[in-house]
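Trainee: I'd like to ask some things about the structure below.
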Amino acid sequence: MSQLPPFLTLYRELIAIPSVSCLDPHWDTSNKAVIDKLAGWLTTLGFDVTINELTRQQGKYNLLAKYTPAQSDGSGGLLLAGHTDTVPWDEGRWTKDPFQLHEADGKLYGLGSADMKGFFAFVLEALRDIDLNKLSKPVYVLATADEETTMAGARELAAFEGLRPDFAIIGEPTSMTPVTMHKGHMTEGIRVTGKSGHSSNPAAGVNAIEIMHDVITNLRELQQEFKQRYHDDHFDVPYPTLNFGNINGGDAANRICACCEMHIDMRPLPGMSIDELYGLLDEKLSPLKQQFANAICLEHMHEPIPGYRCDPDAAIVSLVQELTGNAATPANYCTEAPFVQDLGCQTIVMGPGSIAQAHQPDEFIRLDEIAPAQQQLRQVILRMCSA
């Protein structure tokens, strides 16, 4: 176990490797170097490591490491999961090198220090001091790609044959508070194609902006229907939301607009069917599609992310509440939890660091969080993987 580098060295080496996930190719980088680094460390600890290149995204990789104790039959156990990618950084707003771990003011600064490459350093440190062969259940470490964009890695977990843990912890930064539910996320593009013409004669063309006005009017009705038909008091905003996030159309004031495009964001509640939401969206657009034949097109900007909920009485929820002293809570953001939960395991989201630091310049984790989080993760492993 002593062959594993010290905790801060683990942290520093992870932060030093760029692994940005972005839909803009200018920013996007492979996560292979991070995966290889983790593979080496986990092999040192005695784990069997499998690395898969994603079918959805060449040059991006998932890693699964498994330690099977001698007295275990290899079934069940605990999965510790996280994503290896980060968001891009704003060079104009960072005051420190995002790829150099910097200690100051009781904090560790660096891109991914909280969200969430640093979690793997915590996992390795927790495993270092455990005699893994004395456990009775397997321990898994999962590292995924592209969580910050398409969640492509989390969508390909079935490629790891036989991955059936009893429990899973996804180490997003929650200040070690267990998150047991969150809404889903859908981003849709609506494009209206009209016909250009001189503005002096509106009848000579088909104004795409005017049709988009009707689209917005109908979708405003859907916003209200969401509030009336669905409700979950666990959330501060207890209903599904529909946000008009971006709109662009036309090129000159004296031309009839021939094209207008809008992007909307929808956040379904846990348990809501994605197909049901698409059905409601189509229901509102259908009359306009009939009125303006071939003018309105709906495009999915990314594959939908369903909502997630863990049974509040699940054994893992009770355990982590006991160990951390923190009551389970919902979250307003999305994670890989619904995809991990599809493995058939009790799944929570819980890790060191604050979500308030995620996607922020000069991202950091507080030094005084480190020792308690390490101890709590160690206790979770021991309790979940011992007879």
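Ordered as shown in the structure tokens, chains take letters A, B, and onward, while each chain numbers its residues from 1 and ligands are numbered from 1 in the order shown.
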Set the distance at 6 Å and use only C-alpha atoms: which residues neighbour segment 330-347 of chain A once local chain neighbours fewer than 3 positions away are removed? I'd like the list as a PyMOL selection string.
Mentor: chain A and resi 154+164-169+179-182+308
Trainee: Leaving out segment 151-153 of chain A and any residue of its chain fewer than 4 positions from it, which residues lie within 9 Å of it when counting only C-alpha atoms, given as a count of residues only?
Mentor: 18
Trainee: From a DSSP pass on the backbone, collect the residues of segment 70-131 of chain A flagged as strand (DSSP E) and hand them back as a PyMOL selection string.
Mentor: chain A and resi 78-83+102-104+107-109
Trainee: Determine the nearest neighbour of Val87 of chain A from the options A:Ser75, A:Asp232, A:Pro361, A:Thr9, counting only C-alpha atoms.
Mentor: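 The shortest atom-to-atom distance to Val87 of chain A comes from A:Pro361.
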Trainee: Please list as a ChimeraX atom specification every residue within 10 Å of segment 119-129 of chain A, counting only C-alpha atoms and excluding residues in the same chain fewer than 5 positions away.
Mentor: /A:1-14,38,41-42,45,80-84,112-114,139,141-143,170-173,351-353,370-371,373-382
Trainee: Name all residues at most 12 Å from Ser286 of chain A (count only C-alpha atoms; drop same-chain ones fewer than 4 positions away) and give them as number ranges by chain.
Mentor: A: 214-215, 218-219, 278-282, 290-298
Trainee: Now that the selection is made, can you save its residues with C-alpha atoms as a CSV table (one decimal), in the first residue's frame?
Mentor:
```
chain,number,residue,atom,x,y,z
A,214,ASP,CA,-47.3,31.3,-31.8
A,215,VAL,CA,-44.9,28.5,-30.7
A,218,ASN,CA,-48.5,27.5,-26.9
A,219,LEU,CA,-45.5,26.5,-24.8
A,278,TYR,CA,-42.2,14.6,-25.5
A,279,GLY,CA,-45.9,13.8,-26.0
A,280,LEU,CA,-47.0,16.9,-24.2
A,281,LEU,CA,-44.5,19.0,-26.3
A,282,ASP,CA,-45.8,17.5,-29.5
A,290,GLN,CA,-50.8,21.5,-39.3
A,291,GLN,CA,-51.3,25.2,-39.9
A,292,PHE,CA,-47.8,25.7,-41.2
A,293,ALA,CA,-46.9,22.6,-43.1
A,294,ASN,CA,-43.2,21.6,-42.9
A,295,ALA,CA,-42.3,24.8,-41.1
A,296,ILE,CA,-41.7,23.6,-37.6
A,297,CYS,CA,-38.9,21.1,-36.7
A,298,LEU,CA,-38.0,19.8,-33.2
```
